[in-house]
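Chemist: Please find one structure pasted underneath; my questions will follow.
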Amino acid sequence: MKNTLFKCVQNIAILLLLSLTITSCNTEKKTESEKQTTEKEQESNVDGNSYGDDVSFMKNYIELIELSDESNNSKVAVSAALQGRVMTSSAYGEKGRSYGWINKELFKSKDTLEHINVFGGEERFWLGPEGGQYSIFFKKGDEFTLDDWYTPKLIDLEHFDVKSVSSNKAVFTKKATLKNYSGFEFDLGIEREVAVLSKEEIQQELGLKTLSEELKTVAYQTTNTLTNLGKANWEKETGLLSIWLLGMFNHSPNTTIVIPYVQGDNSDLGTIVNDTYFGKVPADRLVVKENAIFFKGDGEYRSKIGLTPMRAKNIAGSYDSKNGILTIVKYNKPKNVTDYVNSMWEIQEDPFKGDVINAYNDGEPEPGTKPLGPFYELETSSKALALKAGESGTHVSLTCHIEADEDTLNPIVKELFGVSIKDIKTVFN
């Protein structure tokens, strides 16, 4: 009887041990399976192309310099062939979202267009002014229309020289001559540095209280210097240049541009926002609230806005509510400076009363006409550079992308822009 009972208990113990072993194996397999599924979800969770896809594509047409931070998650692709342009970036390595808008159709065509070659890129080096009697985009006597508008080859197709490259930084240089609408000739030198920032540097530069290590982030800072290499001083009477940085980003119906501004009476500070570049912006696309200006970045209506130095702060950005992408542009805005070149397409009464921040939403120039992209842009400009022979002027700008859920991003948005994510998501409803 005892032997029978012992064998019975023994068999039960063996069965229990076998059951636990099978369960353990299944749990390990399930955990591994879940891990693989999570990785696949992260890879497939990118709307549009990944950074790796876009870089691989562009390498068929141009050489790229790839920069990264120490973690190798923050990636930035730069092109010397396109004026040291930041083409795109990623906060999650090769598999991460590609933040820059790339004109693949133009690359594939291998064509050179007459007025402008819109290859894209999330920060390109330009010079202003665009319009007016000191314009570098129109020749003397031309009409201020698209037919007579030509982007200088210097900032459209010409190659910049590579001065130096390291793992997280590249420096480019260029010497050139430009003539403006009034006939003045500028002999100039350009130096452009692109540097990828660490998380600690991002937190410091943005002035944030905290920035979690878990956040997906990428940020780069560009230092852009213009030098008068000629014998003549650059003076208002013959026209001045400005450093103009423009970032092309991927549009979406869920993207809203957010620009905080200096509050005060119009009689003291002037109009809050200039919305007449390409005709007045409709009210359902531009909303001015107490703390910020909201402008659609959906790529469905060609329009542009601008803020004067009296109204502009040193920051602008956008938020894609579907993909949880916060884009931030912060630049060095000198205090008590009001002379900025005017880029309005007309002979101007005040050629140095221009804007310091601009935002552009692409769309059809005319009904039935193909848009340039579409895309949307965030732009900043230096002051008008009245440089004596041999003198230099510099414009520094930081571009940052942060991906996270709303609860994580909301405190950052409030701290930087003075509004909540709810404010952004409901402003056009």
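Chain labels run A, B, ... following the order of the structure tokens; each chain numbers its residues from 1, and ligands are numbered from 1 in the order shown.
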With a distance cut-off of 7 Å and only C-alpha atoms, select the neighbouring residues of range 117-121 of chain A, excluding the residue or stretch itself and same-chain residues fewer than 3 positions from it, and output the selection as a list in words.
Modeler: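 Counting only C-alpha atoms, the residues come to Arg85, Val86, Met87, Thr88, Gly100, Trp101, Ile102, Asn103, Leu106, Phe107, Thr112, Leu113, Arg124, Asp156, Gly247 and Met248 of chain A.
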Chemist: Fewer than 3 positions away in the same chain doesn't count, so skip those; otherwise give me all residues within 7 Å of Leu226 in chain A, counting only C-alpha atoms, as a PyMOL selection string.
Modeler: chain A and resi 188-191+392-394
Chemist: Just N, CA and C atoms for this one: save the residues we selected as a short mmCIF file (atom, residue, chain, number, x, y, z; two decimals), in the first residue's frame.
Modeler:
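Result file is again.cif:
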```cif
data_model
loop_
_atom_site.label_atom_id
_atom_site.label_comp_id
_atom_site.auth_asym_id
_atom_site.auth_seq_id
_atom_site.Cartn_x
_atom_site.Cartn_y
_atom_site.Cartn_z
N LEU A 188 31.92 87.99 -51.04
CA LEU A 188 31.61 87.44 -49.73
C LEU A 188 32.23 86.06 -49.50
N GLY A 189 32.39 85.75 -48.22
CA GLY A 189 32.84 84.43 -47.80
C GLY A 189 31.81 83.83 -46.85
N ILE A 190 31.58 82.54 -46.98
CA ILE A 190 30.59 81.84 -46.15
C ILE A 190 31.29 80.72 -45.39
N GLU A 191 30.98 80.59 -44.12
CA GLU A 191 31.38 79.40 -43.35
C GLU A 191 30.15 78.89 -42.62
N SER A 392 32.68 90.26 -40.20
CA SER A 392 31.82 89.08 -40.33
C SER A 392 30.57 89.23 -39.47
N GLY A 393 29.51 88.53 -39.87
CA GLY A 393 28.28 88.44 -39.08
C GLY A 393 27.86 86.99 -38.99
N THR A 394 27.23 86.59 -37.87
CA THR A 394 26.91 85.19 -37.63
C THR A 394 25.45 85.01 -37.22
#
```
Chemist: Report the residues of range 213-368 of chain A whose backbone DSSP state falls under alpha helix (DSSP H), written as a list in words.
Modeler: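 Filtering range 213-368 of chain A down to alpha helix (DSSP H) leaves Asn266, Ser267, Asp268 and Leu269 of chain A.
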Chemist: Write out the residues from the selection above, keeping N, CA, C and O atoms, as a PDB file, in the first residue's frame.
Modeler:
```
ATOM      1  N   ASN A 266      -0.531  97.221 -30.754  1.00  0.00           N
ATOM      2  CA  ASN A 266      -0.074  97.377 -32.134  1.00  0.00           C
ATOM      3  C   ASN A 266       0.584  98.743 -32.350  1.00  0.00           C
ATOM      4  O   ASN A 266       1.511  98.871 -33.154  1.00  0.00           O
ATOM      5  N   SER A 267       0.120  99.745 -31.617  1.00  0.00           N
ATOM      6  CA  SER A 267       0.683 101.089 -31.780  1.00  0.00           C
ATOM      7  C   SER A 267       2.144 101.143 -31.338  1.00  0.00           C
ATOM      8  O   SER A 267       2.927 101.954 -31.836  1.00  0.00           O
ATOM      9  N   ASP A 268       2.519 100.248 -30.407  1.00  0.00           N
ATOM     10  CA  ASP A 268       3.902 100.206 -29.923  1.00  0.00           C
ATOM     11  C   ASP A 268       4.752  99.188 -30.675  1.00  0.00           C
ATOM     12  O   ASP A 268       5.918  99.470 -30.988  1.00  0.00           O
ATOM     13  N   LEU A 269       4.178  98.025 -30.968  1.00  0.00           N
ATOM     14  CA  LEU A 269       4.956  96.917 -31.521  1.00  0.00           C
ATOM     15  C   LEU A 269       4.628  96.586 -32.973  1.00  0.00           C
ATOM     16  O   LEU A 269       5.312  95.783 -33.591  1.00  0.00           O
TER      17      LEU A 269
END
```
Chemist: Within 7 Å of range 55-65 of chain A, counting only C-alpha atoms, which residues qualify if same-chain residues fewer than 6 places away don't, as a list in words?
Modeler: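 These residues fall inside the cut-off: Ala77, Val78, Ser79, Ala81 and Phe107 of chain A.
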Chemist: Need the shell around range 134-151 of chain A: protein/DNA/RNA residues with any atom at most 6 Å away, counting only C-alpha atoms. Skip same-chain ones fewer than 5 positions apart. Format as an MDAnalysis selection string?
Modeler: chainID A and resid 115:116 129 180:182 239 345
Chemist: Output N, CA, C and O atoms for every residue in that selection, as a PDB file, in the first residue's frame.
Modeler:
```
ATOM      1  N   HIS A 115      14.332  78.236 -62.482  1.00  0.00           N
ATOM      2  CA  HIS A 115      14.086  79.223 -61.431  1.00  0.00           C
ATOM      3  C   HIS A 115      14.593  78.780 -60.057  1.00  0.00           C
ATOM      4  O   HIS A 115      15.108  79.589 -59.294  1.00  0.00           O
ATOM      5  N   ILE A 116      14.395  77.531 -59.739  1.00  0.00           N
ATOM      6  CA  ILE A 116      14.830  76.989 -58.449  1.00  0.00           C
ATOM      7  C   ILE A 116      14.830  75.469 -58.558  1.00  0.00           C
ATOM      8  O   ILE A 116      14.025  74.884 -59.287  1.00  0.00           O
ATOM      9  N   PRO A 129      17.948  89.878 -49.199  1.00  0.00           N
ATOM     10  CA  PRO A 129      16.492  89.817 -49.333  1.00  0.00           C
ATOM     11  C   PRO A 129      16.040  89.145 -50.632  1.00  0.00           C
ATOM     12  O   PRO A 129      16.764  89.115 -51.614  1.00  0.00           O
ATOM     13  N   ASN A 180      23.046  92.721 -56.506  1.00  0.00           N
ATOM     14  CA  ASN A 180      21.631  92.901 -56.163  1.00  0.00           C
ATOM     15  C   ASN A 180      20.880  93.706 -57.225  1.00  0.00           C
ATOM     16  O   ASN A 180      21.459  94.160 -58.229  1.00  0.00           O
ATOM     17  N   TYR A 181      19.586  93.870 -57.015  1.00  0.00           N
ATOM     18  CA  TYR A 181      18.681  94.543 -57.959  1.00  0.00           C
ATOM     19  C   TYR A 181      19.169  95.955 -58.292  1.00  0.00           C
ATOM     20  O   TYR A 181      19.000  96.434 -59.414  1.00  0.00           O
ATOM     21  N   SER A 182      19.781  96.623 -57.318  1.00  0.00           N
ATOM     22  CA  SER A 182      20.260  97.993 -57.522  1.00  0.00           C
ATOM     23  C   SER A 182      21.653  98.060 -58.130  1.00  0.00           C
ATOM     24  O   SER A 182      22.175  99.149 -58.379  1.00  0.00           O
ATOM     25  N   GLY A 239      22.277  98.577 -50.203  1.00  0.00           N
ATOM     26  CA  GLY A 239      21.648  97.285 -49.914  1.00  0.00           C
ATOM     27  C   GLY A 239      22.500  96.417 -49.004  1.00  0.00           C
ATOM     28  O   GLY A 239      23.734  96.468 -49.054  1.00  0.00           O
ATOM     29  N   TRP A 345       7.744  91.189 -52.291  1.00  0.00           N
ATOM     30  CA  TRP A 345       7.969  91.291 -53.737  1.00  0.00           C
ATOM     31  C   TRP A 345       7.408  92.610 -54.271  1.00  0.00           C
ATOM     32  O   TRP A 345       6.382  92.656 -54.945  1.00  0.00           O
TER      33      TRP A 345
END
```
Chemist: Do you have the CA of Lys280 in chain A-CA of Gly363 in chain A distance handy?
Modeler: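 Distance between the two atoms: 14.5 Å.
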Chemist: Using only C-alpha atoms, tabulate the residues of range 57-123 of chain A lying at most 12 Å from any atom of range 313-333 of chain A, each with its closest atom pair and that distance in Å to one decimal, by chain and increasing residue number, as CSV.
Modeler:
```
residue,atom,partner,partner_atom,distance
A:Ser89,CA,A:Thr327,CA,11.7
A:Ser90,CA,A:Ile325,CA,11.5
A:Ala91,CA,A:Ile325,CA,10.5
A:Arg97,CA,A:Ile325,CA,9.8
A:Ser98,CA,A:Ile325,CA,11.4
A:Tyr99,CA,A:Thr327,CA,9.2
A:Gly100,CA,A:Thr327,CA,11.1
A:Glu122,CA,A:Val329,CA,10.9
A:Glu123,CA,A:Val329,CA,10.3
```
Chemist: Selected residues, N, CA and C atoms, written as a CSV table (one decimal), in the first residue's frame, please.
Modeler:
```
chain,number,residue,atom,x,y,z
A,89,SER,N,17.1,64.0,-40.8
A,89,SER,CA,17.6,63.5,-39.6
A,89,SER,C,16.7,62.5,-39.0
A,90,SER,N,17.2,61.8,-37.9
A,90,SER,CA,16.4,60.8,-37.3
A,90,SER,C,16.7,60.8,-35.8
A,91,ALA,N,15.7,60.5,-35.0
A,91,ALA,CA,15.9,60.3,-33.5
A,91,ALA,C,16.0,58.9,-33.1
A,97,ARG,N,12.1,57.7,-38.0
A,97,ARG,CA,11.4,58.5,-39.0
A,97,ARG,C,12.4,59.5,-39.6
A,98,SER,N,12.2,59.8,-40.9
A,98,SER,CA,13.0,60.7,-41.6
A,98,SER,C,12.3,62.1,-41.6
A,99,TYR,N,12.9,63.1,-40.9
A,99,TYR,CA,12.2,64.3,-40.6
A,99,TYR,C,12.2,65.3,-41.8
A,100,GLY,N,13.2,65.3,-42.6
A,100,GLY,CA,13.3,66.2,-43.7
A,100,GLY,C,12.5,65.8,-44.9
A,122,GLU,N,16.0,69.7,-44.5
A,122,GLU,CA,15.3,70.4,-43.4
A,122,GLU,C,16.1,71.5,-42.8
A,123,GLU,N,17.2,71.9,-43.4
A,123,GLU,CA,17.7,73.3,-43.1
A,123,GLU,C,18.7,73.6,-44.2
```
